[in-house]
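Just structure-v9.txt here, compact mmCIF, C-alpha atoms:
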# COMPACT_ATOMS: atom_id res chain seq x y z
CA ALA K 1 1.61 -66.45 95.52
CA GLN K 2 -1.46 -68.61 95.37
CA SER K 3 -1.91 -71.53 92.98
CA VAL K 4 -4.65 -73.97 92.01
CA THR K 5 -4.32 -77.54 90.81
CA GLN K 6 -7.04 -79.47 89.09
CA PRO K 7 -5.54 -82.95 88.72
CA ASP K 8 -8.08 -84.29 86.21
CA ILE K 9 -7.92 -82.85 82.71
CA HIS K 10 -10.87 -84.94 81.49
CA ILE K 11 -13.59 -86.81 83.35
CA THR K 12 -16.28 -88.97 81.78
CA VAL K 13 -19.43 -89.71 83.73
CA SER K 14 -22.62 -91.47 82.78
CA GLU K 15 -25.79 -89.43 82.86
CA GLY K 16 -27.47 -89.84 86.24
CA ALA K 17 -24.25 -90.83 88.00
CA SER K 18 -22.59 -88.82 90.73
CA LEU K 19 -19.72 -86.45 90.06
CA GLU K 20 -16.73 -85.18 91.98
CA LEU K 21 -14.20 -82.76 90.48
CA ARG K 22 -11.02 -82.23 92.44
CA CYS K 23 -9.38 -78.94 93.29
CA ASN K 24 -6.33 -78.30 95.46
CA TYR K 25 -5.06 -74.86 96.26
CA SER K 26 -1.97 -73.30 97.73
CA TYR K 27 -2.35 -70.12 99.75
CA GLY K 28 -0.89 -68.89 103.01
CA ALA K 29 -4.10 -67.75 104.64
CA THR K 30 -7.74 -68.70 104.39
CA PRO K 31 -8.54 -68.33 100.72
CA TYR K 32 -11.59 -67.25 98.86
CA LEU K 33 -12.54 -70.19 96.65
CA PHE K 34 -14.72 -70.35 93.56
CA TRP K 35 -15.98 -72.82 91.02
CA TYR K 36 -16.87 -71.56 87.55
CA VAL K 37 -18.35 -73.39 84.57
CA GLN K 38 -17.60 -72.56 80.95
CA SER K 39 -19.69 -73.87 78.08
CA PRO K 40 -18.10 -74.00 74.63
CA GLY K 41 -17.60 -70.54 73.17
CA GLN K 42 -19.04 -68.88 76.25
CA GLY K 43 -17.81 -66.89 79.20
CA LEU K 44 -17.59 -68.21 82.73
CA GLN K 45 -20.54 -68.60 85.06
CA LEU K 46 -20.12 -68.77 88.81
CA LEU K 47 -21.40 -72.01 90.35
CA LEU K 48 -20.54 -71.35 93.98
CA LYS K 49 -18.05 -69.66 96.29
CA TYR K 50 -16.56 -70.08 99.76
CA PHE K 51 -15.36 -67.28 102.00
CA SER K 52 -15.88 -68.44 105.56
CA GLY K 53 -18.30 -70.26 107.81
CA ASP K 54 -19.93 -73.53 106.84
CA THR K 55 -17.41 -75.56 104.90
CA LEU K 56 -20.10 -77.16 102.72
CA VAL K 57 -21.45 -74.63 100.26
CA GLN K 58 -24.39 -75.00 97.94
CA GLY K 59 -24.42 -73.55 94.47
CA ILE K 60 -26.59 -73.32 91.42
CA LYS K 61 -27.65 -76.22 89.21
CA GLY K 62 -27.50 -78.70 92.09
CA PHE K 63 -23.75 -78.38 92.68
CA GLU K 64 -22.06 -78.27 96.07
CA ALA K 65 -18.46 -78.06 97.24
CA GLU K 66 -16.68 -78.78 100.48
CA PHE K 67 -13.74 -76.79 101.82
CA LYS K 68 -11.23 -78.98 103.65
CA ARG K 69 -8.46 -76.89 105.15
CA SER K 70 -6.41 -79.91 106.25
CA GLN K 71 -6.28 -81.17 102.67
CA SER K 72 -6.16 -77.75 100.98
CA SER K 73 -9.02 -78.93 98.84
CA PHE K 74 -12.29 -77.58 97.51
CA ASN K 75 -13.88 -80.42 95.56
CA LEU K 76 -17.03 -79.92 93.53
CA ARG K 77 -19.79 -82.51 93.70
CA LYS K 78 -23.15 -83.26 92.16
CA PRO K 79 -25.27 -86.29 93.08
CA SER K 80 -26.72 -86.87 89.63
CA VAL K 81 -25.37 -85.29 86.44
CA HIS K 82 -27.41 -84.26 83.43
CA TRP K 83 -26.25 -84.14 79.82
CA SER K 84 -26.38 -80.34 80.02
CA ASP K 85 -23.61 -80.41 82.63
CA ALA K 86 -21.04 -81.23 79.94
CA ALA K 87 -18.66 -78.28 80.03
CA GLU K 88 -15.30 -77.06 81.30
CA TYR K 89 -15.06 -76.50 85.04
CA PHE K 90 -12.58 -74.15 86.65
CA CYS K 91 -11.60 -73.84 90.27
CA ALA K 92 -10.22 -70.45 91.31
CA VAL K 93 -8.74 -68.83 94.39
CA GLY K 94 -8.83 -65.20 95.42
CA ALA K 95 -6.48 -63.54 97.87
CA SER K 96 -8.06 -62.74 101.20
CA GLY K 97 -5.11 -60.73 102.44
CA GLY K 98 -5.40 -57.77 100.15
CA GLY K 99 -3.27 -57.00 97.17
CA ALA K 100 -4.23 -58.17 93.72
CA ASP K 101 -7.90 -58.77 93.24
CA GLY K 102 -7.50 -60.94 90.20
CA LEU K 103 -8.40 -64.59 90.61
CA THR K 104 -5.96 -67.45 90.10
CA PHE K 105 -7.50 -70.26 88.08
CA GLY K 106 -6.70 -73.92 87.68
CA LYS K 107 -6.28 -75.35 84.20
CA GLY K 108 -9.78 -76.75 84.20
CA THR K 109 -11.48 -80.13 84.04
CA HIS K 110 -13.36 -81.09 80.91
CA LEU K 111 -16.51 -82.99 81.85
CA ILE K 112 -17.95 -85.44 79.34
CA ILE K 113 -21.37 -86.95 79.91
CA GLN K 114 -22.10 -90.25 78.25
CA PRO K 115 -25.65 -91.52 77.75
CA ASN X 1 -29.72 -55.82 83.07
CA ALA X 2 -27.37 -56.70 80.26
CA GLY X 3 -24.34 -58.75 81.14
CA VAL X 4 -20.73 -57.94 80.42
CA MET X 5 -20.33 -57.16 76.74
CA GLN X 6 -17.19 -57.80 74.76
CA ASN X 7 -16.48 -57.04 71.16
CA PRO X 8 -15.49 -58.18 68.79
CA ARG X 9 -16.17 -61.82 69.59
CA HIS X 10 -13.60 -62.93 67.05
CA LEU X 11 -10.64 -60.94 65.80
CA VAL X 12 -8.08 -61.94 63.20
CA ARG X 13 -4.85 -60.00 62.87
CA ARG X 14 -1.61 -60.48 60.96
CA ARG X 15 1.69 -60.37 62.76
CA GLY X 16 2.73 -56.80 63.48
CA GLN X 17 -0.78 -55.35 63.48
CA GLU X 18 -2.60 -53.90 66.46
CA ALA X 19 -5.49 -55.54 68.27
CA ARG X 20 -8.07 -53.59 70.25
CA LEU X 21 -10.45 -55.48 72.48
CA ARG X 22 -13.38 -53.74 74.09
CA CYS X 23 -15.28 -54.52 77.26
CA SER X 24 -18.43 -52.88 78.58
CA PRO X 25 -19.01 -53.86 82.21
CA MET X 26 -22.39 -54.56 83.69
CA LYS X 27 -24.41 -51.50 84.59
CA GLY X 28 -23.31 -50.12 87.92
CA HIS X 29 -19.98 -51.97 87.92
CA SER X 30 -16.88 -49.83 88.13
CA HIS X 31 -14.28 -52.60 88.49
CA VAL X 32 -12.95 -54.38 85.43
CA TYR X 33 -10.57 -57.32 85.14
CA TRP X 34 -8.92 -58.75 82.04
CA TYR X 35 -7.84 -62.38 81.76
CA ARG X 36 -6.15 -64.37 79.01
CA GLN X 37 -6.87 -68.01 78.27
CA LEU X 38 -4.36 -69.87 76.18
CA PRO X 39 -5.40 -73.15 74.53
CA GLU X 40 -5.73 -75.99 77.06
CA GLU X 41 -5.01 -73.58 79.90
CA GLY X 42 -6.94 -71.84 82.63
CA LEU X 43 -7.48 -68.13 82.74
CA LYS X 44 -4.52 -65.96 83.69
CA PHE X 45 -5.10 -62.60 85.35
CA MET X 46 -3.71 -59.69 83.40
CA VAL X 47 -4.93 -56.39 84.80
CA TYR X 48 -7.44 -54.84 87.18
CA LEU X 49 -8.83 -51.38 86.52
CA GLN X 50 -11.24 -48.94 88.02
CA LYS X 51 -12.54 -45.89 86.20
CA GLU X 52 -9.52 -43.93 84.96
CA ASN X 53 -7.12 -45.95 87.12
CA ILE X 54 -4.99 -49.05 86.69
CA ILE X 55 -5.03 -50.72 90.08
CA ASP X 56 -3.00 -53.87 89.41
CA GLU X 57 -1.22 -54.77 86.21
CA SER X 58 0.99 -57.47 87.65
CA GLY X 59 -0.18 -59.99 85.06
CA MET X 60 0.37 -57.80 82.00
CA PRO X 61 3.30 -58.52 79.71
CA LYS X 62 5.82 -55.70 80.05
CA GLU X 63 5.77 -54.77 76.38
CA ARG X 64 3.14 -54.29 73.69
CA PHE X 65 0.15 -54.66 76.06
CA SER X 66 -1.79 -51.81 77.60
CA ALA X 67 -5.22 -51.32 79.12
CA GLU X 68 -7.45 -48.41 79.96
CA PHE X 69 -10.85 -47.80 81.47
CA PRO X 70 -11.85 -44.23 80.68
CA LYS X 71 -14.42 -42.19 82.51
CA GLU X 72 -16.80 -42.70 79.62
CA GLY X 73 -16.95 -45.70 77.36
CA PRO X 74 -15.70 -49.26 77.50
CA SER X 75 -12.48 -50.64 78.84
CA ILE X 76 -9.91 -51.27 76.11
CA LEU X 77 -7.17 -53.90 76.02
CA ARG X 78 -4.66 -52.97 73.36
CA ILE X 79 -2.01 -55.25 71.94
CA GLN X 80 0.53 -53.65 69.66
CA GLN X 81 2.58 -55.51 67.06
CA VAL X 82 0.82 -58.79 67.69
CA VAL X 83 2.73 -62.07 67.46
CA ARG X 84 1.43 -65.61 67.02
CA GLY X 85 1.84 -66.27 70.73
CA ASP X 86 -0.83 -63.64 71.44
CA SER X 87 -3.47 -65.92 69.93
CA ALA X 88 -5.82 -66.67 72.80
CA ALA X 89 -9.23 -65.94 74.25
CA TYR X 90 -9.35 -62.71 76.21
CA PHE X 91 -12.02 -62.41 78.86
CA CYS X 92 -13.23 -59.37 80.67
CA ALA X 93 -14.99 -59.52 84.02
CA SER X 94 -16.65 -56.82 86.06
CA SER X 95 -17.58 -56.41 89.68
CA PRO X 96 -19.56 -53.83 91.60
CA LEU X 97 -17.09 -53.65 94.46
CA GLN X 98 -13.38 -54.09 95.11
CA GLY X 99 -12.14 -57.27 96.72
CA SER X 100 -11.69 -60.77 95.41
CA TYR X 101 -14.55 -62.04 97.53
CA ASN X 102 -16.94 -60.22 95.26
CA GLU X 103 -18.29 -62.19 92.34
CA GLN X 104 -16.73 -61.33 89.03
CA PHE X 105 -19.15 -61.49 86.13
CA PHE X 106 -17.51 -62.63 82.93
CA GLY X 107 -18.15 -61.63 79.37
CA PRO X 108 -18.24 -64.09 76.45
CA GLY X 109 -14.64 -63.33 75.49
CA THR X 110 -12.80 -62.19 72.39
CA ARG X 111 -10.96 -64.88 70.50
CA LEU X 112 -7.87 -63.41 68.90
CA THR X 113 -6.16 -65.26 66.09
CA VAL X 114 -2.82 -63.98 64.83
CA LEU X 115 -1.86 -65.22 61.38

Transcribe the structure of this file into structure tokens.
Amino acid sequence: AQSVTQPDIHITVSEGASLELRCNYSYGATPYLFWYVQSPGQGLQLLLKYFSGDTLVQGIKGFEAEFKRSQSSFNLRKPSVHWSDAAEYFCAVGASGGGADGLTFGKGTHLIIQP
Amino acid sequence: NAGVMQNPRHLVRRRGQEARLRCSPMKGHSHVYWYRQLPEEGLKFMVYLQKENIIDESGMPKERFSAEFPKEGPSILRIQQVVRGDSAAYFCASSPLQGSYNEQFFGPGTRLTVL
């Protein structure tokens, strides 16, 4: 079964600084990988996804993520954060080999932006 | 095009009562997923349904929980004889196609509190 680890429960970044949120996954084949953002009291919004091809994927709101097979990682990055980026970020993996179509989520990273 | 709708947004039940959570997928989407988010946790997959069919219920607790997606009307997640441990946010997601590589669009969630 697949699993996702987000090692950082909380991260505090100054507005305008760069950001990297870590995500490690466990899956036997090439996974489908996703990053979602959740604002307080809201549902999840997809930021970006990786299925195959170019290992650097671009998403919405200036986010990007890089798939590194050798490290089983899919870290999310943004060069300059804005106060509106404060939210909960979830990494998720989907099974590429058939079977259940539900996603497996990490526990999330809470991003705090300080002025 | 309206997004995924869930109601109620907040639901309070006493132990032993029944909880019914409703989810209307996006227009044109025939695939529905239910997830549960416990406090300080990521989302956990519960069940995947298509119209009139349960495709994968591997994440559903064996007792007290059931789900349906009738030919007409919203998908329903039903929890019988609720206990305090059922308190959580329940999210519904919909997708136009089968397969975990397809984006799942999430609703705002129903926050269930069991007294």

Fewer than 5 positions away in the same chain doesn't count, so skip those; otherwise give me all residues within 9 Å of Ser72 (chain K), counting only C-alpha atoms, as a PDB file with C-alpha atoms, in the frame of the given file.
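Result saved to result32.pdb:
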ATOM      1  CA  CYS K  23      -9.380 -78.940  93.290  1.00  0.00           C
ATOM      2  CA  ASN K  24      -6.330 -78.300  95.460  1.00  0.00           C
ATOM      3  CA  TYR K  25      -5.060 -74.860  96.260  1.00  0.00           C
ATOM      4  CA  SER K  26      -1.970 -73.300  97.730  1.00  0.00           C
ATOM      5  CA  TYR K  27      -2.350 -70.120  99.750  1.00  0.00           C
ATOM      6  CA  PHE K  67     -13.740 -76.790 101.820  1.00  0.00           C
TER       7      PHE K  67
END

Checklist entry - Hey, can you check how far CA of Gln58 (chain K) sits from CA of Phe34 (chain K)? => result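 So the two atoms, CA of Gln58 (chain K) and CA of Phe34 (chain K), lie 11.6 Å apart.
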
Next on the checklist: Tell me which residues come within 6 Å of (-4.8, -68.9, 74.9), as a list in words, counting all atoms listed in the file in the file's coordinates.
Outcome noted: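 Final list of nearby residues, as requested, is Gln37, Leu38, Pro39, Ser87, Ala88 and Ala89 of chain X.
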
Item to check | Distance criterion (only C-alpha atoms): nearest to His82 (chain K) out of K:Pro7, K:Gly62, K:Gly28, K:Pro40 | outcome: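 Ranking K:Pro7, K:Gly62, K:Gly28, K:Pro40 by distance to His82 (chain K), first place goes to K:Gly62.
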
Next on the checklist: Between X:Gly42, X:Gly73, X:Pro8, X:Gly3, which residue has the minimum interatomic distance to Gln6 (chain K), considering all atoms listed in the file?
Outcome noted: X:Gly42

Please identify every residue of chain K that has at least one atom no farther than 7 Å from an atom of chain X, counting all atoms listed in the file, and for each give the shortest atom pair and the distance in Å to one decimal, arranged by chain then increasing number, as JSON lines.
{"residue": "K:Tyr32", "atom": "CA", "partner": "X:Tyr101", "partner_atom": "CA", "distance": 6.1}
{"residue": "K:Gln42", "atom": "CA", "partner": "X:Pro108", "partner_atom": "CA", "distance": 4.9}
{"residue": "K:Gly43", "atom": "CA", "partner": "X:Pro108", "partner_atom": "CA", "distance": 3.9}
{"residue": "K:Leu44", "atom": "CA", "partner": "X:Phe106", "partner_atom": "CA", "distance": 5.6}
{"residue": "K:Phe51", "atom": "CA", "partner": "X:Tyr101", "partner_atom": "CA", "distance": 6.9}
{"residue": "K:Gly94", "atom": "CA", "partner": "X:Ser100", "partner_atom": "CA", "distance": 5.3}
{"residue": "K:Ala95", "atom": "CA", "partner": "X:Ser100", "partner_atom": "CA", "distance": 6.4}
{"residue": "K:Ala100", "atom": "CA", "partner": "X:Asp56", "partner_atom": "CA", "distance": 6.2}
{"residue": "K:Asp101", "atom": "CA", "partner": "X:Ser100", "partner_atom": "CA", "distance": 4.8}
{"residue": "K:Gly102", "atom": "CA", "partner": "X:Phe45", "partner_atom": "CA", "distance": 5.7}
{"residue": "K:Leu103", "atom": "CA", "partner": "X:Phe45", "partner_atom": "CA", "distance": 6.5}
{"residue": "K:Thr104", "atom": "CA", "partner": "X:Lys44", "partner_atom": "CA", "distance": 6.7}
{"residue": "K:Phe105", "atom": "CA", "partner": "X:Gly42", "partner_atom": "CA", "distance": 5.7}
{"residue": "K:Gly106", "atom": "CA", "partner": "X:Gly42", "partner_atom": "CA", "distance": 5.5}
{"residue": "K:Lys107", "atom": "CA", "partner": "X:Gly42", "partner_atom": "CA", "distance": 3.9}
{"residue": "K:Gly108", "atom": "CA", "partner": "X:Gly42", "partner_atom": "CA", "distance": 5.9}

Checklist entry - Can you tell me how far CA of Leu56 (chain K) sits from CA of Ser94 (chain X), in Å to one decimal? => result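 Going from CA of Leu56 (chain K) over to CA of Ser94 (chain X), I get 26.5 Å.
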
Checklist entry - So how far away is CA of Leu112 (chain X) from CA of Ile11 (chain K), in Å? => result 28.1 Å

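Nearest-residue note for Arg14 (chain X): choosing from X:Pro74, X:Pro61, X:Gly28, X:Gly85, the minimum distance belongs to X:Gly85, counting all atoms listed in the file.
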
Next on the checklist: Give me, as number ranges by chain, all polymer residues having an atom no more than 8 Å from Val81 (chain K), counting only C-alpha atoms and skipping those fewer than 3 positions away in the same chain.
Outcome noted: K: 13-19, 78, 85, 113

Would you pick out the contacts of Glu52 (chain X) at 8 Å or less, using only C-alpha atoms, so that residues sharing its chain but fewer than 2 positions from it are not included, and give the list as a PDB file with C-alpha atoms, in the coordinates of the input?
ATOM      1  CA  LEU X  49      -8.830 -51.380  86.520  1.00  0.00           C
ATOM      2  CA  GLN X  50     -11.240 -48.940  88.020  1.00  0.00           C
ATOM      3  CA  ILE X  54      -4.990 -49.050  86.690  1.00  0.00           C
ATOM      4  CA  GLU X  68      -7.450 -48.410  79.960  1.00  0.00           C
ATOM      5  CA  PHE X  69     -10.850 -47.800  81.470  1.00  0.00           C
ATOM      6  CA  PRO X  70     -11.850 -44.230  80.680  1.00  0.00           C
ATOM      7  CA  LYS X  71     -14.420 -42.190  82.510  1.00  0.00           C
TER       8      LYS X  71
END

Item to check | Spatial neighbours of Asn75 (chain K), 12 Å, only C-alpha atoms, chain gap at least 5 places, as a PyMOL selection string | outcome: chain K and resi 4-8+19-25+33-35+48-50+55-57+63-69+89-92+109

Next on the checklist: I'd like to know which of X:Met5, X:Arg36, X:Gly16, X:Arg22 is closest to Arg84 (chain X), using only C-alpha atoms.
Outcome noted: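 With only C-alpha atoms as the atom set, the closest residue is X:Gly16.
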